[in-house]
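J.: Structure supplied as model_1.pdb; contents: PDB, C-alpha atoms (C1' of nucleotides).
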```
ATOM      1  CA  MET L  24     107.954  66.606  30.495
ATOM      2  CA  LYS L  25     109.268  70.151  30.467
ATOM      3  CA  LYS L  26     113.043  70.505  30.634
ATOM      4  CA  LEU L  27     114.543  72.719  33.362
ATOM      5  CA  SER L  28     116.018  75.905  31.890
ATOM      6  CA  ARG L  29     119.449  77.487  32.295
ATOM      7  CA  ARG L  30     117.735  80.133  34.408
ATOM      8  CA  PHE L  31     116.625  77.481  36.903
ATOM      9  CA  TYR L  32     120.255  76.693  37.776
ATOM     10  CA  ASN L  33     121.395  80.326  37.744
ATOM     11  CA  ARG L  34     120.061  81.066  41.230
ATOM     12  CA  ASP L  35     121.044  80.841  44.876
ATOM     13  CA  THR L  36     122.445  77.347  45.467
ATOM     14  CA  VAL L  37     120.336  76.565  48.527
ATOM     15  CA  CYS L  38     117.182  77.473  46.564
ATOM     16  CA  VAL L  39     118.244  75.339  43.611
ATOM     17  CA  ALA L  40     119.097  72.409  45.888
ATOM     18  CA  GLN L  41     115.703  72.485  47.588
ATOM     19  CA  ASP L  42     113.847  73.000  44.313
ATOM     20  CA  LEU L  43     115.621  69.989  42.783
ATOM     21  CA  LEU L  44     113.769  67.650  45.137
ATOM     22  CA  GLY L  45     110.983  65.962  43.174
ATOM     23  CA  LYS L  46     112.529  66.803  39.777
ATOM     24  CA  TYR L  47     113.465  64.076  37.288
ATOM     25  CA  LEU L  48     116.978  63.260  36.117
ATOM     26  CA  VAL L  49     116.957  61.815  32.584
ATOM     27  CA  HIS L  50     119.813  59.985  30.841
ATOM     28  CA  ARG L  51     119.263  58.207  27.537
ATOM     29  CA  VAL L  52     121.469  55.102  27.370
ATOM     30  CA  ASN L  53     121.434  52.823  24.302
ATOM     31  CA  GLY L  54     118.230  54.457  23.156
ATOM     32  CA  LEU L  55     116.534  53.849  26.492
ATOM     33  CA  LYS L  56     115.605  56.705  28.809
ATOM     34  CA  ARG L  57     116.595  56.092  32.405
ATOM     35  CA  ILE L  58     114.651  58.335  34.752
ATOM     36  CA  GLY L  59     115.026  58.918  38.488
ATOM     37  CA  LYS L  60     113.283  61.327  40.840
ATOM     38  CA  ILE L  61     115.644  63.374  42.979
ATOM     39  CA  VAL L  62     114.901  62.755  46.664
ATOM     40  CA  GLU L  63     118.139  63.821  48.422
ATOM     41  CA  VAL L  64     120.734  66.538  47.654
ATOM     42  CA  GLU L  65     123.524  68.557  49.246
ATOM     43  CA  ALA L  66     124.432  72.198  48.551
ATOM     44  CA  TYR L  67     128.089  73.246  48.173
ATOM     45  CA  LEU L  68     128.110  77.016  48.275
ATOM     46  CA  GLY L  69     131.455  78.118  46.815
ATOM     47  CA  PRO L  70     135.167  78.581  47.584
ATOM     48  CA  HIS L  71     134.358  80.016  51.028
ATOM     49  CA  ASP L  72     132.534  76.757  51.895
ATOM     50  CA  LEU L  73     135.347  74.571  53.268
ATOM     51  CA  ALA L  74     133.464  71.393  52.347
ATOM     52  CA  ALA L  75     133.301  72.349  48.654
ATOM     53  CA  HIS L  76     135.931  71.091  46.218
ATOM     54  CA  SER L  77     136.157  74.641  44.891
ATOM     55  CA  ALA L  78     137.579  75.719  48.274
ATOM     56  CA  LYS L  79     140.924  74.394  47.003
ATOM     57  CA  GLY L  80     140.800  76.853  44.134
ATOM     58  CA  LEU L  81     140.472  76.347  40.391
ATOM     59  CA  THR L  82     142.070  73.052  39.337
ATOM     60  CA  PRO L  83     141.649  70.888  36.243
ATOM     61  CA  ARG L  84     139.170  68.721  38.116
ATOM     62  CA  THR L  85     137.029  71.503  39.563
ATOM     63  CA  GLN L  86     137.114  74.045  36.744
ATOM     64  CA  VAL L  87     133.593  73.143  35.615
ATOM     65  CA  MET L  88     132.376  74.373  39.017
ATOM     66  CA  PHE L  89     133.757  77.804  38.095
ATOM     67  CA  GLY L  90     131.917  77.815  34.805
ATOM     68  CA  PRO L  91     128.310  78.616  33.862
ATOM     69  CA  PRO L  92     125.321  76.961  35.598
ATOM     70  CA  GLY L  93     123.492  73.886  34.357
ATOM     71  CA  TYR L  94     126.559  71.723  33.697
ATOM     72  CA  ALA L  95     127.502  68.400  35.309
ATOM     73  CA  TYR L  96     130.471  68.177  37.659
ATOM     74  CA  VAL L  97     131.321  64.458  37.831
ATOM     75  CA  TYR L  98     134.283  63.080  39.739
ATOM     76  CA  LEU L  99     135.679  59.724  40.852
ATOM     77  CA  ILE L 100     135.667  59.063  44.592
ATOM     78  CA  TYR L 101     137.597  56.352  46.477
ATOM     79  CA  GLY L 102     138.740  54.912  43.199
ATOM     80  CA  MET L 103     135.464  53.181  42.457
ATOM     81  CA  TYR L 104     132.402  55.417  42.517
ATOM     82  CA  TYR L 105     131.379  58.523  40.661
ATOM     83  CA  CYS L 106     129.526  61.451  42.189
ATOM     84  CA  MET L 107     127.402  63.856  40.163
ATOM     85  CA  ASN L 108     126.885  67.534  40.899
ATOM     86  CA  ILE L 109     124.961  70.234  39.100
ATOM     87  CA  VAL L 110     126.736  73.583  38.768
ATOM     88  CA  THR L 111     124.708  76.541  40.065
ATOM     89  CA  GLU L 112     124.800  80.364  40.071
ATOM     90  CA  GLU L 113     126.463  82.671  37.607
ATOM     91  CA  GLU L 114     129.749  81.887  35.880
ATOM     92  CA  GLY L 115     132.676  82.454  38.263
ATOM     93  CA  HIS L 116     130.681  81.538  41.375
ATOM     94  CA  ALA L 117     131.975  78.003  41.978
ATOM     95  CA  ALA L 118     128.961  76.358  43.622
ATOM     96  CA  ALA L 119     127.116  73.102  42.944
ATOM     97  CA  VAL L 120     124.499  70.664  44.185
ATOM     98  CA  LEU L 121     125.453  67.027  44.830
ATOM     99  CA  LEU L 122     122.813  64.445  43.924
ATOM    100  CA  ARG L 123     122.677  61.949  46.803
ATOM    101  CA  ALA L 124     119.687  59.737  46.052
ATOM    102  CA  LEU L 125     117.036  59.026  43.435
ATOM    103  CA  GLU L 126     113.732  57.213  43.448
ATOM    104  CA  PRO L 127     113.560  54.934  40.386
ATOM    105  CA  VAL L 128     110.956  56.070  37.844
ATOM    106  CA  LYS L 129     111.867  54.279  34.619
ATOM    107  CA  ASN L 130     114.458  51.773  33.319
ATOM    108  CA  ILE L 131     116.469  51.720  36.563
ATOM    109  CA  ALA L 132     117.934  48.278  37.302
ATOM    110  CA  GLU L 133     120.255  49.034  40.218
ATOM    111  CA  ARG L 134     120.104  50.643  43.635
ATOM    112  CA  THR L 135     119.998  54.442  43.729
ATOM    113  CA  GLN L 136     120.191  55.305  47.430
ATOM    114  CA  GLY L 137     123.565  57.046  47.603
ATOM    115  CA  PRO L 138     125.683  59.319  45.365
ATOM    116  CA  GLY L 139     127.893  56.494  44.099
ATOM    117  CA  LEU L 140     125.073  54.042  43.560
ATOM    118  CA  LEU L 141     122.879  56.491  41.670
ATOM    119  CA  CYS L 142     125.671  57.249  39.211
ATOM    120  CA  LYS L 143     126.178  53.544  38.596
ATOM    121  CA  ALA L 144     122.445  52.992  38.097
ATOM    122  CA  MET L 145     122.197  55.948  35.695
ATOM    123  CA  SER L 146     125.457  55.136  33.844
ATOM    124  CA  ILE L 147     127.002  58.437  34.858
ATOM    125  CA  ASP L 148     130.795  58.474  34.714
ATOM    126  CA  LYS L 149     133.718  60.688  33.693
ATOM    127  CA  ASN L 150     132.422  60.843  30.120
ATOM    128  CA  LEU L 151     129.707  63.164  31.407
ATOM    129  CA  GLN L 152     132.105  65.461  33.279
ATOM    130  CA  GLY L 153     131.395  68.997  32.063
ATOM    131  CA  LYS L 154     128.331  67.914  30.062
ATOM    132  CA  ASP L 155     125.567  70.458  29.505
ATOM    133  CA  LEU L 156     122.435  69.458  31.406
ATOM    134  CA  LEU L 157     120.266  70.977  28.705
ATOM    135  CA  SER L 158     121.341  68.199  26.328
ATOM    136  CA  PRO L 159     118.730  66.067  24.547
ATOM    137  CA  ASP L 160     119.982  62.844  26.159
ATOM    138  CA  PHE L 161     121.073  64.201  29.547
ATOM    139  CA  HIS L 162     118.944  66.727  31.420
ATOM    140  CA  LEU L 163     116.440  67.371  34.183
ATOM    141  CA  THR L 164     112.723  67.868  33.849
ATOM    142  CA  GLU L 165     109.803  69.000  35.927
ATOM    143  CA  GLY L 166     108.700  65.984  37.888
ATOM    144  CA  ASP L 167     106.502  64.831  40.694
ATOM    145  CA  ASP L 168     105.042  68.034  42.111
ATOM    146  CA  SER L 169     103.158  66.355  44.944
ATOM    147  CA  ALA L 170     103.680  67.965  48.338
ATOM    148  CA  PHE L 171     106.336  66.710  50.752
ATOM    149  CA  THR L 172     108.012  67.734  53.970
ATOM    150  CA  LEU L 173     111.544  69.076  53.509
ATOM    151  CA  VAL L 174     114.177  67.832  55.964
ATOM    152  CA  LYS L 175     117.399  69.820  56.543
ATOM    153  CA  ARG L 176     120.449  68.077  58.028
ATOM    154  CA  PRO L 177     124.267  68.416  58.055
ATOM    155  CA  ARG L 178     126.085  67.114  54.984
ATOM    156  CA  ILE L 179     127.591  63.615  54.978
ATOM    157  CA  GLY L 180     131.315  62.860  55.124
ATOM    158  CA  VAL L 181     132.630  66.428  55.394
ATOM    159  CA  ASP L 182     134.010  66.415  58.946
ATOM    160  CA  TYR L 183     137.190  68.020  57.625
ATOM    161  CA  ALA L 184     135.264  71.233  56.923
ATOM    162  CA  LYS L 185     135.260  72.549  60.506
ATOM    163  CA  HIS L 186     132.188  74.689  61.245
ATOM    164  CA  TRP L 187     130.924  74.209  57.697
ATOM    165  CA  ALA L 188     130.324  70.553  58.525
ATOM    166  CA  LYS L 189     127.602  71.598  60.950
ATOM    167  CA  ARG L 190     125.599  73.698  58.494
ATOM    168  CA  HIS L 191     122.281  72.147  57.458
ATOM    169  CA  LEU L 192     122.948  71.946  53.718
ATOM    170  CA  ARG L 193     121.683  68.411  53.103
ATOM    171  CA  PHE L 194     118.072  68.308  52.022
ATOM    172  CA  TYR L 195     115.765  65.365  51.489
ATOM    173  CA  ILE L 196     112.137  64.337  51.180
ATOM    174  CA  LYS L 197     110.901  63.213  54.568
ATOM    175  CA  GLY L 198     109.961  59.552  54.748
ATOM    176  CA  ASN L 199     111.101  58.699  51.215
ATOM    177  CA  PHE L 200     112.340  55.112  51.148
ATOM    178  CA  PHE L 201     115.213  55.906  48.768
ATOM    179  CA  VAL L 202     116.968  58.529  50.888
ATOM    180  CA  SER L 203     120.460  57.191  51.689
ATOM    181  CA  LYS L 204     120.868  55.408  55.011
ATOM    182  CA  ARG L 205     123.772  56.050  57.297
TER     183      ARG L 205
ATOM    184  C1'  DC N  27     158.290  61.736  40.664
ATOM    185  C1'  DT N  28     156.117  60.143  45.211
ATOM    186  C1'  DC N  29     152.591  60.177  48.469
ATOM    187  C1'  DG N  30     148.372  61.067  51.352
ATOM    188  C1'  DG N  31     143.676  61.186  51.332
ATOM    189  C1'  DG N  32     138.930  61.284  49.616
ATOM    190  C1'  DA N  33     131.275  64.718  49.030
ATOM    191  C1'  DT N  34     131.422  55.846  49.119
ATOM    192  C1'  DG N  35     129.534  51.404  49.932
ATOM    193  C1'  DC N  36     129.836  46.872  51.726
ATOM    194  C1'  DG N  37     131.083  43.254  54.656
ATOM    195  C1'  DT N  38     132.592  41.972  59.493
TER     196       DT N  38
ATOM    197  C1'  DC Y   3     135.673  49.237  61.936
ATOM    198  C1'  DG Y   4     138.458  47.773  57.719
ATOM    199  C1'  DC Y   5     139.069  47.868  53.049
ATOM    200  C1'  DA Y   6     138.772  48.102  47.927
ATOM    201  C1'  DT Y   7     140.942  51.069  44.204
ATOM    202  C1'  DC Y   8     142.694  55.153  41.684
ATOM    203  C1'  DC Y   9     142.753  59.939  40.621
ATOM    204  C1'  DC Y  10     143.942  64.359  42.176
ATOM    205  C1'  DG Y  11     146.736  67.863  44.020
ATOM    206  C1'  DA Y  12     150.605  69.181  46.825
ATOM    207  C1'  DG Y  13     155.333  69.047  47.462
ATOM    208  C1'  DG Y  14     160.312  67.635  46.348
TER     209       DG Y  14
END
```
For this file, write the structure as C-alpha coordinates.
T.:
Amino acid sequence: MKKLSRRFYNRDTVCVAQDLLGKYLVHRVNGLKRIGKIVEVEAYLGPHDLAAHSAKGLTPRTQVMFGPPGYAYVYLIYGMYYCMNIVTEEEGHAAAVLLRALEPVKNIAERTQGPGLLCKAMSIDKNLQGKDLLSPDFHLTEGDDSAFTLVKRPRIGVDYAKHWAKRHLRFYIKGNFFVSKR
DNA sequence: CTCGGGATGCGT
DNA sequence: CGCATCCCGAGG
(Lines of atoms letter the chains of each structure in order from A and count residues from 1; the text may use other names and numbers.)
(Lines give C-alpha, C1' and ligand atoms only; values in the text may rest on other atoms or scores of the structure.)
Protein backbone atom coordinates (compact mmCIF):
# COMPACT_ATOMS: atom_id res chain seq x y z
CA MET A 1 0.00 0.00 0.00
CA LYS A 2 1.04 3.58 -0.64
CA LYS A 3 3.23 5.16 2.03
CA LEU A 4 2.12 8.48 3.55
CA SER A 5 4.38 11.33 2.43
CA ARG A 6 6.24 13.97 4.42
CA ARG A 7 3.70 16.45 3.10
CA PHE A 8 0.88 14.52 4.78
CA TYR A 9 2.34 15.26 8.22
CA ASN A 10 3.29 18.86 7.41
CA ARG A 11 -0.23 20.20 7.93
CA ASP A 12 -2.54 21.47 10.65
CA THR A 13 -2.37 18.99 13.54
CA VAL A 14 -6.13 18.59 13.95
CA CYS A 15 -6.43 17.76 10.23
CA VAL A 16 -3.58 15.26 10.41
CA ALA A 17 -5.05 13.64 13.53
CA GLN A 18 -8.46 13.16 11.92
CA ASP A 19 -6.96 11.98 8.63
CA LEU A 20 -4.86 9.38 10.47
CA LEU A 21 -8.00 7.45 11.40
CA GLY A 22 -8.24 4.42 9.10
CA LYS A 23 -4.56 4.59 8.08
CA TYR A 24 -2.19 1.67 8.68
CA LEU A 25 0.82 1.70 10.99
CA VAL A 26 3.51 -0.72 9.77
CA HIS A 27 6.51 -1.99 11.76
CA ARG A 28 8.68 -4.80 10.43
CA VAL A 29 9.96 -6.92 13.34
CA ASN A 30 12.22 -9.93 12.73
CA GLY A 31 11.29 -9.87 9.07
CA LEU A 32 7.58 -9.90 9.85
CA LYS A 33 5.36 -6.91 9.11
CA ARG A 34 3.07 -6.00 11.98
CA ILE A 35 0.17 -3.88 10.79
CA GLY A 36 -2.52 -2.05 12.75
CA LYS A 37 -5.29 0.29 11.63
CA ILE A 38 -5.42 3.55 13.55
CA VAL A 39 -8.83 3.93 15.20
CA GLU A 40 -8.18 6.48 18.00
CA VAL A 41 -5.83 9.49 18.27
CA GLU A 42 -5.27 12.70 20.22
CA ALA A 43 -3.94 16.01 18.89
CA TYR A 44 -1.35 18.00 20.88
CA LEU A 45 -1.18 21.41 19.26
CA GLY A 46 2.08 23.00 20.44
CA PRO A 47 3.76 24.85 23.33
CA HIS A 48 0.63 26.97 23.90
CA ASP A 49 -1.37 23.75 24.48
CA LEU A 50 -0.89 23.14 28.22
CA ALA A 51 -1.51 19.40 27.79
CA ALA A 52 1.38 19.03 25.32
CA HIS A 53 4.83 17.98 26.52
CA SER A 54 6.24 20.80 24.41
CA ALA A 55 4.49 23.29 26.72
CA LYS A 56 7.45 22.78 29.08
CA GLY A 57 9.80 24.02 26.40
CA LEU A 58 12.53 22.28 24.43
CA THR A 59 14.13 19.52 26.52
CA PRO A 60 16.19 16.47 25.56
CA ARG A 61 13.06 14.33 25.71
CA THR A 62 10.79 16.59 23.66
CA GLN A 63 13.23 17.99 21.12
CA VAL A 64 11.93 15.69 18.38
CA MET A 65 8.58 17.48 18.72
CA PHE A 66 10.36 20.69 17.70
CA GLY A 67 11.85 19.07 14.65
CA PRO A 68 10.46 18.32 11.17
CA PRO A 69 7.16 16.44 10.65
CA GLY A 70 6.84 12.71 10.05
CA TYR A 71 9.09 11.56 12.90
CA ALA A 72 8.18 9.41 15.91
CA TYR A 73 8.10 10.91 19.39
CA VAL A 74 8.25 7.92 21.77
CA TYR A 75 8.45 8.25 25.53
CA LEU A 76 8.21 6.05 28.62
CA ILE A 77 5.19 6.65 30.86
CA TYR A 78 4.70 5.45 34.46
CA GLY A 79 7.90 3.49 34.23
CA MET A 80 6.39 0.66 32.23
CA TYR A 81 4.62 1.69 29.04
CA TYR A 82 5.67 3.54 25.94
CA CYS A 83 3.52 6.04 24.08
CA MET A 84 3.98 6.86 20.40
CA ASN A 85 3.32 10.21 18.77
CA ILE A 86 3.75 11.43 15.22
CA VAL A 87 5.30 14.88 14.84
CA THR A 88 3.23 17.28 12.72
CA GLU A 89 3.52 20.73 11.08
CA GLU A 90 6.63 22.54 9.97
CA GLU A 91 9.94 22.34 11.81
CA GLY A 92 9.87 24.55 14.93
CA HIS A 93 6.13 24.08 15.51
CA ALA A 94 6.22 21.53 18.35
CA ALA A 95 2.98 19.62 17.75
CA ALA A 96 2.19 15.90 17.51
CA VAL A 97 -0.53 13.28 17.35
CA LEU A 98 -0.70 10.55 20.00
CA LEU A 99 -1.74 7.11 18.77
CA ARG A 100 -4.26 5.75 21.29
CA ALA A 101 -5.63 2.58 19.71
CA LEU A 102 -5.21 0.26 16.74
CA GLU A 103 -7.34 -2.41 15.16
CA PRO A 104 -5.16 -5.47 14.45
CA VAL A 105 -4.66 -6.10 10.73
CA LYS A 106 -1.67 -8.43 10.51
CA ASN A 107 0.78 -10.25 12.83
CA ILE A 108 -0.57 -8.62 16.01
CA ALA A 109 -0.49 -10.99 19.00
CA GLU A 110 -1.34 -8.64 21.87
CA ARG A 111 -4.03 -6.17 22.82
CA THR A 112 -3.93 -2.78 21.09
CA GLN A 113 -6.69 -0.78 22.78
CA GLY A 114 -4.67 1.92 24.54
CA PRO A 115 -1.47 3.91 23.90
CA GLY A 116 0.70 1.70 26.11
CA LEU A 117 -0.74 -1.56 24.87
CA LEU A 118 -0.42 -0.68 21.20
CA CYS A 119 3.27 0.11 21.60
CA LYS A 120 3.83 -3.23 23.31
CA ALA A 121 1.92 -5.08 20.58
CA MET A 122 3.86 -3.28 17.83
CA SER A 123 7.26 -3.55 19.59
CA ILE A 124 7.60 0.21 19.77
CA ASP A 125 10.02 1.42 22.43
CA LYS A 126 12.74 4.01 23.03
CA ASN A 127 14.80 2.60 20.16
CA LEU A 128 12.27 4.21 17.82
CA GLN A 129 12.39 7.62 19.51
CA GLY A 130 13.15 10.16 16.78
CA LYS A 131 12.80 7.57 13.99
CA ASP A 132 11.73 8.78 10.56
CA LEU A 133 8.26 7.48 9.72
CA LEU A 134 9.17 7.29 6.06
CA SER A 135 11.53 4.40 6.84
CA PRO A 136 11.22 1.09 4.97
CA ASP A 137 10.50 -0.87 8.16
CA PHE A 138 8.57 1.77 10.11
CA HIS A 139 5.95 3.93 8.41
CA LEU A 140 2.28 4.58 7.75
CA THR A 141 0.32 3.72 4.65
CA GLU A 142 -3.03 4.45 3.11
CA GLY A 143 -5.44 2.03 4.68
CA ASP A 144 -9.07 1.19 5.06
CA ASP A 145 -10.88 4.03 3.31
CA SER A 146 -14.37 2.82 4.17
CA ALA A 147 -16.64 5.51 5.60
CA PHE A 148 -17.02 6.01 9.35
CA THR A 149 -18.48 8.48 11.78
CA LEU A 150 -15.89 10.66 13.51
CA VAL A 151 -16.31 11.18 17.26
CA LYS A 152 -14.69 14.17 19.01
CA ARG A 153 -14.12 14.07 22.78
CA PRO A 154 -11.80 15.61 25.42
CA ARG A 155 -8.35 14.05 25.72
CA ILE A 156 -7.65 11.41 28.38
CA GLY A 157 -5.55 11.98 31.50
CA VAL A 158 -4.74 15.67 31.00
CA ASP A 159 -6.71 17.23 33.86
CA TYR A 160 -3.64 19.27 34.76
CA ALA A 161 -4.05 21.29 31.56
CA LYS A 162 -6.80 23.60 32.84
CA HIS A 163 -9.12 24.76 30.03
CA TRP A 164 -7.11 22.80 27.48
CA ALA A 165 -8.36 19.61 29.11
CA LYS A 166 -11.87 20.44 27.93
CA ARG A 167 -11.01 20.89 24.25
CA HIS A 168 -12.30 18.11 22.00
CA LEU A 169 -8.94 16.95 20.62
CA ARG A 170 -9.45 13.20 20.96
CA PHE A 171 -10.79 11.60 17.82
CA TYR A 172 -11.96 8.07 17.18
CA ILE A 173 -13.98 5.89 14.84
CA LYS A 174 -17.49 5.56 16.22
CA GLY A 175 -18.43 2.05 17.27
CA ASN A 176 -15.00 0.54 16.63
CA PHE A 177 -14.42 -2.29 19.10
CA PHE A 178 -10.74 -1.41 19.59
CA VAL A 179 -11.18 2.16 20.80
CA SER A 180 -9.78 2.35 24.35
CA LYS A 181 -12.28 1.94 27.18
CA ARG A 182 -12.28 4.17 30.20
C1' DC B 1 22.22 15.05 44.05
C1' DT B 2 17.19 14.38 45.56
C1' DC B 3 12.47 14.31 44.68
C1' DG B 4 7.69 14.66 42.72
C1' DG B 5 4.86 13.25 39.25
C1' DG B 6 3.34 11.27 34.86
C1' DA B 7 -0.63 11.69 27.46
C1' DT B 8 -1.17 3.85 31.58
C1' DG B 9 -3.24 -0.46 32.62
C1' DC B 10 -4.77 -3.84 35.80
C1' DG B 11 -6.56 -5.73 39.85
C1' DT B 12 -9.55 -4.86 44.04
C1' DC C 1 -9.16 3.39 44.31
C1' DG C 2 -4.22 1.64 44.79
C1' DC C 3 -0.14 0.44 42.75
C1' DA C 4 3.75 -1.08 39.76
C1' DT C 5 8.20 1.09 38.07
C1' DC C 6 11.52 4.49 36.20
C1' DC C 7 12.70 8.44 33.55
C1' DC C 8 12.47 13.26 33.25
C1' DG C 9 12.93 17.87 34.67
C1' DA C 10 13.14 21.18 38.36
C1' DG C 11 15.50 22.78 42.18
C1' DG C 12 19.32 22.77 45.85
J.: What is the distance between atom CA of Arg29 of chain L and atom CA of Val181 of chain L, in Å to one decimal?
T.: 28.8 Å
J.: May I have the protein, DNA and RNA residues with an atom at most 7 Å from (132.1, 68.2, 38.1), counting all atoms listed in the file in the file's coordinates, returned as a PyMOL selection string?
T.: chain L and resi 85+87-88+95-98+107-108+152-153
J.: Would you list the contacts of Pro70 of chain L as a PDB file with C-alpha atoms, in the frame of the given file, taking every protein, DNA or RNA residue within 12 Å and counting only C-alpha atoms (C1' of nucleotides), but skipping same-chain residues closer than 3 positions in sequence?
T.:
```pdb
ATOM      1  CA  TYR L  67     128.089  73.246  48.173  1.00  0.00           C
ATOM      2  CA  LEU L  73     135.347  74.571  53.268  1.00  0.00           C
ATOM      3  CA  ALA L  74     133.464  71.393  52.347  1.00  0.00           C
ATOM      4  CA  ALA L  75     133.301  72.349  48.654  1.00  0.00           C
ATOM      5  CA  HIS L  76     135.931  71.091  46.218  1.00  0.00           C
ATOM      6  CA  SER L  77     136.157  74.641  44.891  1.00  0.00           C
ATOM      7  CA  ALA L  78     137.579  75.719  48.274  1.00  0.00           C
ATOM      8  CA  LYS L  79     140.924  74.394  47.003  1.00  0.00           C
ATOM      9  CA  GLY L  80     140.800  76.853  44.134  1.00  0.00           C
ATOM     10  CA  LEU L  81     140.472  76.347  40.391  1.00  0.00           C
ATOM     11  CA  THR L  85     137.029  71.503  39.563  1.00  0.00           C
ATOM     12  CA  GLN L  86     137.114  74.045  36.744  1.00  0.00           C
ATOM     13  CA  MET L  88     132.376  74.373  39.017  1.00  0.00           C
ATOM     14  CA  PHE L  89     133.757  77.804  38.095  1.00  0.00           C
ATOM     15  CA  GLY L 115     132.676  82.454  38.263  1.00  0.00           C
ATOM     16  CA  HIS L 116     130.681  81.538  41.375  1.00  0.00           C
ATOM     17  CA  ALA L 117     131.975  78.003  41.978  1.00  0.00           C
ATOM     18  CA  ALA L 118     128.961  76.358  43.622  1.00  0.00           C
ATOM     19  CA  ALA L 119     127.116  73.102  42.944  1.00  0.00           C
ATOM     20  CA  ALA L 184     135.264  71.233  56.923  1.00  0.00           C
ATOM     21  CA  TRP L 187     130.924  74.209  57.697  1.00  0.00           C
TER      22      TRP L 187
END
```
J.: Which chain N residues are at most 9 Å from chain L (counting all atoms listed in the file), as a list of chain:residue names?
T.: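 For chain N, the answer reads N:DG32, N:DA33, N:DT34, N:DG35.
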J.: Would you please work out which residue, of L:Pro83, L:Phe194, L:Lys46, L:Lys129, is nearest to chain Y when using all atoms listed in the file?
T.: L:Pro83
J.: Counting all atoms listed in the file, collect the residues of chain Y whose closest atom lies at most 9 Å from chain L, and write them out as a list in words.
T.: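 Every residue of chain Y that passes the 9 Å test is in DA6, DT7, DC8, DC9, DC10 and DG11 of chain Y.
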J.: Using the chain letters and residue numbers of this document, give as number ranges by chain the residues selected by the PyMOL selection byres ((chain N and resi 29) around 10).
T.: N: 27-28, 30-31; Y: 12-13
J.: Tell me which protein, DNA and RNA residues are within 10 Å of segment 157-172 of chain L, counting all atoms listed in the file, leaving out same-chain ones fewer than 6 positions away, and put them as a PyMOL selection string.
T.: chain L and resi 24-29+43-52+54-61+93-95+147+151+195-199
J.: As an exercise, work out the distance from atom CA of Pro92 of chain L to atom CA of Arg134 of chain L in Å and give it to one decimal place.
T.: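 That distance, rounded to one decimal, is 28.0 Å.
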J.: For the structure shown, which residues end up in the PyMOL selection byres ((chain N and resi 37) around 12)? Put them as a list in words, please?
T.: DG35, DC36 and DT38 of chain N; DC3, DG4, DC5 and DA6 of chain Y
J.: One decimal, Å: what's the distance from atom CA of Val37 of chain L over to atom CA of Glu114 of chain L, could you say?
T.: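 Taking atom CA of Val37 of chain L as the start and atom CA of Glu114 of chain L as the end point, the length is 16.6 Å.
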J.: Hey, what comes out of the PyMOL selection byres ((chain L and resi 204) around 9) on this file? Could you write it as a PyMOL selection string?
T.: chain L and resi 136-137+201-203+205
J.: Let me have the centre and edge lengths in Å, one decimal, of the box along x, y and z around every listed atom of segment 160-163 of chain L with 6 Å of margin on each side, as lines of an AutoDock Vina configuration file.
T.:
```
center_x = 118.8
center_y = 65.1
center_z = 30.2
size_x = 16.6
size_y = 16.5
size_z = 20.0
```
J.: Using only C-alpha atoms, which of the listed residues (L:Pro177, L:Arg193, L:Asn53, L:Ala66) sits closest to Asp35 of chain L?
T.: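 Result for the nearest residue to Asp35 of chain L: L:Ala66.
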